[in-house]
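K.L.:
Handing you a structure now.
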Amino acid sequence: MHQVWRKVRKPFRYPSCRACTWEAYDAQQAGCLKCGRHHFCHANAVDNTCPLIMCDDRTRVCQITGFVLPEVRHAVSEFCDTTHFSDKPPPENSLNREVTAVVYSLLTGERARRCRENENARQYTKLSHHLYRQMRVFKALHPNRLPCVCQLLSSAIQQERYWRFMEQAGEDLIEHCAETITNCLRELRLKGSRMIYGSRLREMVCGMLYMLKHGLTYRDRILLQCIPEVDRCLPHENKIEAYFGISSKVICMTENEVKLVFRETYQI
């Protein structure tokens with residue numbers, strides 16, 4: 001059929017061209033009016049090389065001939081009044097990514113960095129005041145002697161019962177904390193808990209992160225492994241809301257909610 005079309009349309013202006021001007025003369029065939037090139041639409045999607053466009057009913061159509069591939073058609077949003085569609089549950093690795101992101105922001109994020117700098121600056125200022133006071137006392141008692149800096153610094157440190165300088169968490173500690181919290185949240189999810197979805201997840205992770213300092217057990221079962229190193233990277237509980245915008249009550253609330261889920265499981 002293409003040879004018949006060529007005899008009707010010849011002579012052609014070019015032996016070959018890049019921008020063909022197509023004329024469809026059959027349901028699956030077309031020819032270029034400039035060079036006489038043949039275009040054929042294969043019925044299967046494997047051998048088909050046509051420039052296809054997607055229609056609203058999910059059919060694929062050749063732009064040159066208008067040939068529709070014989071495929072199973074399905075709309076983008078089909079409607080059926082007798083079928084209930086539910087959202088696909090998030091994959092397991094998505095929970096790990098979300099928990100890691102929250103732990104990272106609480107330990108090494110921008111707010112965590114500002115918190116660490118402010119809290120350490122307060123400690124340095126307090127230590128410097130104690131040191132200056134010890135130097136003045138030493139000068140008053142021994143005006144003609146040179147002080148020993150180590151002794152003065154030791155005396156200044158003894159003025160406070162508890163010195164707490166915050167440290168920056170490393171990647172290994174962040175991964176360890178995130179993995180421990182993720183395992184506990186997965187177990188809560190398997191037990192049917194709905195409190196770990198949405199915006200509640202950030203508060204849950206924050207509460208569990210503080211509970212990692214001492215761990216969490218219930219009936220001789222370890223729910224959260226103890227990671228005491230995390231205590232050196234977190235501010236005091238009463239500073240959470242000031243630096244991270246999270247109420248300090250989430251620590252007790254999270255602990256009570258976790259124990260409640262496991263208590264109901266044991267009773268069943």
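Here, A, B, ... name the chains of the structure tokens in the order displayed, residue numbers run from 1 inside each chain, and ligands are numbered from 1 in the same displayed order.
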If we count only C-alpha atoms, what is near His129 of chain A at a cut-off of 12 Å, once residues fewer than 6 positions away on the same chain are taken out, given as a list in words?
P.N.:
Arg122, Gln123, Met135, Arg136, Leu152, Leu153, Ser155, Ala156, Ile157, Gln159 and Glu160 of chain A
K.L.:
Leaving out Cys50 of chain A and any residue of its chain fewer than 5 positions from it, which residues lie within 9 Å of it when counting only C-alpha atoms, given as a list in words?
P.N.:
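Counting only the stated atoms, we get His39, Phe40, Cys41, His42, Val61, Cys62, Gln63 and Ile64 of chain A.
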K.L.:
Include N, CA and C atoms and write out the residues we just selected as a short mmCIF file (atom, residue, chain, number, x, y, z; two decimals), in the first residue's frame.
P.N.:
```
data_model
loop_
_atom_site.label_atom_id
_atom_site.label_comp_id
_atom_site.auth_asym_id
_atom_site.auth_seq_id
_atom_site.Cartn_x
_atom_site.Cartn_y
_atom_site.Cartn_z
N HIS A 39 5.82 5.36 7.59
CA HIS A 39 5.60 5.20 9.04
C HIS A 39 4.54 4.14 9.24
N PHE A 40 4.87 3.13 10.09
CA PHE A 40 3.95 2.03 10.36
C PHE A 40 3.81 1.88 11.85
N CYS A 41 2.58 1.75 12.33
CA CYS A 41 2.29 1.61 13.76
C CYS A 41 2.14 0.13 14.09
N HIS A 42 3.05 -0.39 14.90
CA HIS A 42 2.94 -1.77 15.36
C HIS A 42 1.88 -1.87 16.45
N VAL A 61 -2.00 6.87 22.16
CA VAL A 61 -2.38 7.11 20.77
C VAL A 61 -1.17 7.65 20.03
N CYS A 62 -1.00 7.18 18.76
CA CYS A 62 0.07 7.68 17.92
C CYS A 62 -0.26 9.09 17.45
N GLN A 63 0.70 9.99 17.56
CA GLN A 63 0.48 11.37 17.14
C GLN A 63 0.37 11.51 15.63
N ILE A 64 0.91 10.56 14.88
CA ILE A 64 0.94 10.69 13.42
C ILE A 64 -0.33 10.16 12.78
#
```
K.L.:
Could you pull out the residues in segment 13-44 of chain A that DSSP calls strand (DSSP E or B) from the backbone, as an MDAnalysis selection string?
P.N.:
chainID A and resid 22:24 29:32 38:40
K.L.:
Show me, as a ChimeraX atom specification, the residues that have an atom within 10 Å of Arg60 of chain A when counting only C-alpha atoms, minus same-chain residues fewer than 2 positions from it.
P.N.:
/A:45,51-58,62-63,66-71,73
K.L.:
Write to file, as a CSV table (one decimal), in the first residue's frame, the residues of the selection just made, with N, CA and C atoms.
P.N.:
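Result file is part-v2.csv:
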```
chain,number,residue,atom,x,y,z
A,45,ALA,N,3.2,-3.0,22.1
A,45,ALA,CA,3.9,-1.9,22.7
A,45,ALA,C,5.4,-2.2,22.7
A,51,PRO,N,5.6,8.1,18.2
A,51,PRO,CA,5.5,9.1,19.2
A,51,PRO,C,4.1,9.1,19.8
A,52,LEU,N,4.0,8.6,21.1
A,52,LEU,CA,2.7,8.3,21.7
A,52,LEU,C,2.3,9.5,22.6
A,53,ILE,N,1.0,9.7,22.8
A,53,ILE,CA,0.5,10.7,23.7
A,53,ILE,C,-0.5,9.9,24.6
A,54,MET,N,-0.6,10.4,25.9
A,54,MET,CA,-1.5,9.7,26.8
A,54,MET,C,-2.8,10.5,26.9
A,55,CYS,N,-3.9,9.8,26.7
A,55,CYS,CA,-5.3,10.5,26.8
A,55,CYS,C,-5.8,10.4,28.2
A,56,ASP,N,-7.0,11.0,28.5
A,56,ASP,CA,-7.5,11.0,29.8
A,56,ASP,C,-8.0,9.7,30.3
A,57,ASP,N,-8.4,8.8,29.3
A,57,ASP,CA,-8.8,7.5,29.7
A,57,ASP,C,-7.6,6.5,29.7
A,58,ARG,N,-6.4,7.0,29.8
A,58,ARG,CA,-5.2,6.2,29.9
A,58,ARG,C,-4.9,5.4,28.6
A,62,CYS,N,-1.0,7.2,18.8
A,62,CYS,CA,0.1,7.7,17.9
A,62,CYS,C,-0.3,9.1,17.5
A,63,GLN,N,0.7,10.0,17.6
A,63,GLN,CA,0.5,11.4,17.1
A,63,GLN,C,0.4,11.5,15.6
A,66,GLY,N,-3.0,8.5,14.7
A,66,GLY,CA,-4.1,8.4,15.5
A,66,GLY,C,-4.5,7.0,15.9
A,67,PHE,N,-3.5,6.1,15.7
A,67,PHE,CA,-3.8,4.7,16.0
A,67,PHE,C,-3.7,4.5,17.5
A,68,VAL,N,-4.7,3.8,18.1
A,68,VAL,CA,-4.8,3.5,19.5
A,68,VAL,C,-4.2,2.1,19.8
A,69,LEU,N,-3.3,2.0,20.7
A,69,LEU,CA,-2.7,0.8,21.0
A,69,LEU,C,-3.7,-0.1,21.7
A,70,PRO,N,-3.9,-1.3,21.3
A,70,PRO,CA,-4.8,-2.2,22.0
A,70,PRO,C,-4.3,-2.7,23.4
A,71,GLU,N,-4.5,-1.9,24.4
A,71,GLU,CA,-4.1,-2.2,25.7
A,71,GLU,C,-5.3,-2.2,26.7
A,73,ARG,N,-7.3,-0.5,29.3
A,73,ARG,CA,-7.4,0.9,29.7
A,73,ARG,C,-7.9,1.0,31.1
```
K.L.:
Any chance you could tabulate, as JSON lines, the residues of segment 86-203 of chain A at most 9 Å from segment 216-234 of chain A with each one's nearest atom pair and distance in Å to one decimal, using only C-alpha atoms, in chain and rising number order?
P.N.:
```
{"residue": "A:Leu106", "atom": "CA", "partner": "A:Leu234", "partner_atom": "CA", "distance": 7.8}
{"residue": "A:Leu107", "atom": "CA", "partner": "A:Cys233", "partner_atom": "CA", "distance": 6.4}
{"residue": "A:Thr108", "atom": "CA", "partner": "A:Cys233", "partner_atom": "CA", "distance": 8.7}
{"residue": "A:Ala112", "atom": "CA", "partner": "A:Leu234", "partner_atom": "CA", "distance": 8.1}
{"residue": "A:Cys115", "atom": "CA", "partner": "A:Leu234", "partner_atom": "CA", "distance": 8.8}
{"residue": "A:Arg116", "atom": "CA", "partner": "A:Cys233", "partner_atom": "CA", "distance": 8.0}
{"residue": "A:Arg164", "atom": "CA", "partner": "A:Arg232", "partner_atom": "CA", "distance": 7.7}
{"residue": "A:Phe165", "atom": "CA", "partner": "A:Arg232", "partner_atom": "CA", "distance": 7.2}
{"residue": "A:Met166", "atom": "CA", "partner": "A:Arg232", "partner_atom": "CA", "distance": 5.2}
{"residue": "A:Glu167", "atom": "CA", "partner": "A:Cys233", "partner_atom": "CA", "distance": 5.0}
{"residue": "A:Gln168", "atom": "CA", "partner": "A:Cys233", "partner_atom": "CA", "distance": 5.8}
{"residue": "A:Ala169", "atom": "CA", "partner": "A:Cys233", "partner_atom": "CA", "distance": 5.9}
{"residue": "A:Leu173", "atom": "CA", "partner": "A:Val230", "partner_atom": "CA", "distance": 7.6}
{"residue": "A:Ile174", "atom": "CA", "partner": "A:Val230", "partner_atom": "CA", "distance": 8.9}
{"residue": "A:His176", "atom": "CA", "partner": "A:Ile227", "partner_atom": "CA", "distance": 8.7}
{"residue": "A:Cys177", "atom": "CA", "partner": "A:Ile227", "partner_atom": "CA", "distance": 7.7}
{"residue": "A:Thr180", "atom": "CA", "partner": "A:Leu224", "partner_atom": "CA", "distance": 6.6}
{"residue": "A:Ile181", "atom": "CA", "partner": "A:Leu224", "partner_atom": "CA", "distance": 7.1}
{"residue": "A:Asn183", "atom": "CA", "partner": "A:Leu224", "partner_atom": "CA", "distance": 8.7}
{"residue": "A:Cys184", "atom": "CA", "partner": "A:Leu223", "partner_atom": "CA", "distance": 6.4}
```
K.L.:
Take the residues from that selection and put them in a file with N, CA and C atoms, as a PDB file, in the first residue's frame.
P.N.:
```
ATOM      1  N   LEU A 106      17.298  17.357  66.661  1.00  0.00           N
ATOM      2  CA  LEU A 106      17.376  17.597  68.098  1.00  0.00           C
ATOM      3  C   LEU A 106      18.801  17.524  68.632  1.00  0.00           C
ATOM      4  N   LEU A 107      19.688  16.855  67.909  1.00  0.00           N
ATOM      5  CA  LEU A 107      21.053  16.678  68.400  1.00  0.00           C
ATOM      6  C   LEU A 107      22.069  17.554  67.672  1.00  0.00           C
ATOM      7  N   THR A 108      21.928  17.695  66.362  1.00  0.00           N
ATOM      8  CA  THR A 108      22.929  18.451  65.604  1.00  0.00           C
ATOM      9  C   THR A 108      22.315  19.465  64.646  1.00  0.00           C
ATOM     10  N   ALA A 112      19.710  22.933  67.768  1.00  0.00           N
ATOM     11  CA  ALA A 112      20.585  22.235  68.706  1.00  0.00           C
ATOM     12  C   ALA A 112      21.939  22.928  68.812  1.00  0.00           C
ATOM     13  N   CYS A 115      21.444  26.032  70.887  1.00  0.00           N
ATOM     14  CA  CYS A 115      21.255  25.632  72.285  1.00  0.00           C
ATOM     15  C   CYS A 115      22.587  25.263  72.926  1.00  0.00           C
ATOM     16  N   ARG A 116      23.402  24.514  72.207  1.00  0.00           N
ATOM     17  CA  ARG A 116      24.703  24.092  72.759  1.00  0.00           C
ATOM     18  C   ARG A 116      25.614  25.297  73.001  1.00  0.00           C
ATOM     19  N   ARG A 164      27.807  21.202  83.670  1.00  0.00           N
ATOM     20  CA  ARG A 164      27.208  20.457  82.545  1.00  0.00           C
ATOM     21  C   ARG A 164      27.509  21.176  81.241  1.00  0.00           C
ATOM     22  N   PHE A 165      28.568  20.755  80.554  1.00  0.00           N
ATOM     23  CA  PHE A 165      28.913  21.300  79.248  1.00  0.00           C
ATOM     24  C   PHE A 165      28.387  20.347  78.174  1.00  0.00           C
ATOM     25  N   MET A 166      27.616  20.886  77.243  1.00  0.00           N
ATOM     26  CA  MET A 166      27.017  20.067  76.192  1.00  0.00           C
ATOM     27  C   MET A 166      28.044  19.746  75.114  1.00  0.00           C
ATOM     28  N   GLU A 167      27.920  18.559  74.549  1.00  0.00           N
ATOM     29  CA  GLU A 167      28.806  18.102  73.490  1.00  0.00           C
ATOM     30  C   GLU A 167      28.009  17.891  72.210  1.00  0.00           C
ATOM     31  N   GLN A 168      28.701  17.876  71.090  1.00  0.00           N
ATOM     32  CA  GLN A 168      28.062  17.628  69.805  1.00  0.00           C
ATOM     33  C   GLN A 168      27.996  16.133  69.543  1.00  0.00           C
ATOM     34  N   ALA A 169      26.842  15.653  69.161  1.00  0.00           N
ATOM     35  CA  ALA A 169      26.658  14.227  68.924  1.00  0.00           C
ATOM     36  C   ALA A 169      27.297  13.814  67.610  1.00  0.00           C
ATOM     37  N   LEU A 173      26.357   7.961  67.204  1.00  0.00           N
ATOM     38  CA  LEU A 173      25.373   8.106  68.281  1.00  0.00           C
ATOM     39  C   LEU A 173      23.994   8.416  67.721  1.00  0.00           C
ATOM     40  N   ILE A 174      23.925   9.247  66.678  1.00  0.00           N
ATOM     41  CA  ILE A 174      22.629   9.569  66.073  1.00  0.00           C
ATOM     42  C   ILE A 174      21.991   8.324  65.472  1.00  0.00           C
ATOM     43  N   HIS A 176      22.566   5.210  66.296  1.00  0.00           N
ATOM     44  CA  HIS A 176      22.215   4.276  67.367  1.00  0.00           C
ATOM     45  C   HIS A 176      20.915   4.686  68.048  1.00  0.00           C
ATOM     46  N   CYS A 177      20.771   5.972  68.341  1.00  0.00           N
ATOM     47  CA  CYS A 177      19.533   6.452  68.967  1.00  0.00           C
ATOM     48  C   CYS A 177      18.339   6.280  68.036  1.00  0.00           C
ATOM     49  N   THR A 180      17.292   2.596  67.848  1.00  0.00           N
ATOM     50  CA  THR A 180      16.627   2.136  69.067  1.00  0.00           C
ATOM     51  C   THR A 180      15.200   2.656  69.143  1.00  0.00           C
ATOM     52  N   ILE A 181      14.998   3.939  68.834  1.00  0.00           N
ATOM     53  CA  ILE A 181      13.657   4.517  68.884  1.00  0.00           C
ATOM     54  C   ILE A 181      12.771   3.924  67.793  1.00  0.00           C
ATOM     55  N   ASN A 183      12.886   0.915  66.462  1.00  0.00           N
ATOM     56  CA  ASN A 183      12.475  -0.441  66.845  1.00  0.00           C
ATOM     57  C   ASN A 183      11.328  -0.406  67.844  1.00  0.00           C
ATOM     58  N   CYS A 184      11.387   0.526  68.794  1.00  0.00           N
ATOM     59  CA  CYS A 184      10.301   0.633  69.772  1.00  0.00           C
ATOM     60  C   CYS A 184       9.017   1.120  69.107  1.00  0.00           C
TER      61      CYS A 184
END
```
K.L.:
Have a look at A:Glu187, A:Glu203, A:Glu117, A:Glu237 and name the one nearest to Val103 of chain A; count only C-alpha atoms.
P.N.:
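Using only C-alpha atoms, Val103 of chain A sits closest to A:Glu203.
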K.L.:
With segment 252-258 of chain A as the partner and 8 Å as the cut-off, tabulate the residues of segment 155-210 of chain A that qualify, each row holding the nearest pair of atoms and their distance in Å to one decimal, using only C-alpha atoms, sorted by chain and rising number, as a Markdown table.
P.N.:
```
| residue | atom | partner | partner_atom | distance |
| --- | --- | --- | --- | --- |
| A:Leu188 | CA | A:Val258 | CA | 7.6 |
| A:Met204 | CA | A:Thr254 | CA | 6.0 |
| A:Gly207 | CA | A:Thr254 | CA | 5.8 |
| A:Met208 | CA | A:Thr254 | CA | 7.0 |
```
K.L.:
Rank nothing, just name the residue among A:Ala27, A:Leu33, A:Val46, A:Leu201 nearest to Arg13 of chain A, using only C-alpha atoms.
P.N.:
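Of all the options, A:Leu33 lies closest to Arg13 of chain A.
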K.L.:
What does the distance between atom CA of Thr21 of chain A and atom CA of Cys35 of chain A come to in Å, to one decimal place?
P.N.:
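We find that atom CA of Thr21 of chain A and atom CA of Cys35 of chain A lie 8.8 Å from each other.
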K.L.:
One number please: atom CA of Met211 of chain A to atom CA of Asn238 of chain A, in Å, one decimal.
P.N.:
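Atom CA of Asn238 of chain A lies 14.5 Å from atom CA of Met211 of chain A.
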K.L.:
Can you list, as a PyMOL selection string, all residues belonging to segment 127-200 of chain A that DSSP tags as helix (DSSP H, G or I)?
P.N.:
chain A and resi 127-141+149-157+171-190+200
K.L.:
Once you have the residues from the selection above, write them out as a PDB file, in the first residue's frame, restricted to C-alpha atoms.
P.N.:
```
ATOM      1  CA  LEU A 127      33.285  29.442  85.711  1.00  0.00           C
ATOM      2  CA  SER A 128      35.124  32.661  84.848  1.00  0.00           C
ATOM      3  CA  HIS A 129      33.312  34.534  87.663  1.00  0.00           C
ATOM      4  CA  HIS A 130      34.322  31.881  90.178  1.00  0.00           C
ATOM      5  CA  LEU A 131      37.907  31.993  88.926  1.00  0.00           C
ATOM      6  CA  TYR A 132      38.127  35.779  89.235  1.00  0.00           C
ATOM      7  CA  ARG A 133      36.717  35.555  92.748  1.00  0.00           C
ATOM      8  CA  GLN A 134      39.361  33.013  93.749  1.00  0.00           C
ATOM      9  CA  MET A 135      42.086  35.212  92.262  1.00  0.00           C
ATOM     10  CA  ARG A 136      40.916  38.215  94.291  1.00  0.00           C
ATOM     11  CA  VAL A 137      40.828  36.151  97.470  1.00  0.00           C
ATOM     12  CA  PHE A 138      44.330  34.809  96.822  1.00  0.00           C
ATOM     13  CA  LYS A 139      45.689  38.295  96.116  1.00  0.00           C
ATOM     14  CA  ALA A 140      44.180  39.619  99.334  1.00  0.00           C
ATOM     15  CA  LEU A 141      45.727  36.815 101.384  1.00  0.00           C
ATOM     16  CA  VAL A 149      46.462  28.622  88.183  1.00  0.00           C
ATOM     17  CA  CYS A 150      45.670  24.928  88.605  1.00  0.00           C
ATOM     18  CA  GLN A 151      44.793  25.391  92.279  1.00  0.00           C
ATOM     19  CA  LEU A 152      42.662  28.444  91.558  1.00  0.00           C
ATOM     20  CA  LEU A 153      40.839  26.658  88.736  1.00  0.00           C
ATOM     21  CA  SER A 154      40.231  23.653  90.989  1.00  0.00           C
ATOM     22  CA  SER A 155      38.816  25.907  93.695  1.00  0.00           C
ATOM     23  CA  ALA A 156      36.600  27.660  91.136  1.00  0.00           C
ATOM     24  CA  ILE A 157      35.233  24.350  89.858  1.00  0.00           C
ATOM     25  CA  GLU A 171      26.981  10.203  63.467  1.00  0.00           C
ATOM     26  CA  ASP A 172      27.305   6.849  65.253  1.00  0.00           C
ATOM     27  CA  LEU A 173      25.373   8.106  68.281  1.00  0.00           C
ATOM     28  CA  ILE A 174      22.629   9.569  66.073  1.00  0.00           C
ATOM     29  CA  GLU A 175      22.227   6.311  64.154  1.00  0.00           C
ATOM     30  CA  HIS A 176      22.215   4.276  67.367  1.00  0.00           C
ATOM     31  CA  CYS A 177      19.533   6.452  68.967  1.00  0.00           C
ATOM     32  CA  ALA A 178      17.409   6.508  65.804  1.00  0.00           C
ATOM     33  CA  GLU A 179      17.594   2.728  65.428  1.00  0.00           C
ATOM     34  CA  THR A 180      16.627   2.136  69.067  1.00  0.00           C
ATOM     35  CA  ILE A 181      13.657   4.517  68.884  1.00  0.00           C
ATOM     36  CA  THR A 182      12.538   3.118  65.510  1.00  0.00           C
ATOM     37  CA  ASN A 183      12.475  -0.441  66.845  1.00  0.00           C
ATOM     38  CA  CYS A 184      10.301   0.633  69.772  1.00  0.00           C
ATOM     39  CA  LEU A 185       7.929   2.584  67.509  1.00  0.00           C
ATOM     40  CA  ARG A 186       7.601  -0.351  65.121  1.00  0.00           C
ATOM     41  CA  GLU A 187       6.647  -2.604  68.001  1.00  0.00           C
ATOM     42  CA  LEU A 188       4.073  -0.063  69.151  1.00  0.00           C
ATOM     43  CA  ARG A 189       2.691   0.108  65.613  1.00  0.00           C
ATOM     44  CA  LEU A 190       2.380  -3.673  65.457  1.00  0.00           C
ATOM     45  CA  ARG A 200       2.666  13.466  67.199  1.00  0.00           C
TER      46      ARG A 200
END
```
K.L.:
If you measure from atom CA of Cys17 of chain A to atom CA of Val4 of chain A, what distance in Å do you get, rounded to one decimal?
P.N.:
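Interatomic distance, atom CA of Cys17 of chain A to atom CA of Val4 of chain A: 20.8 Å.
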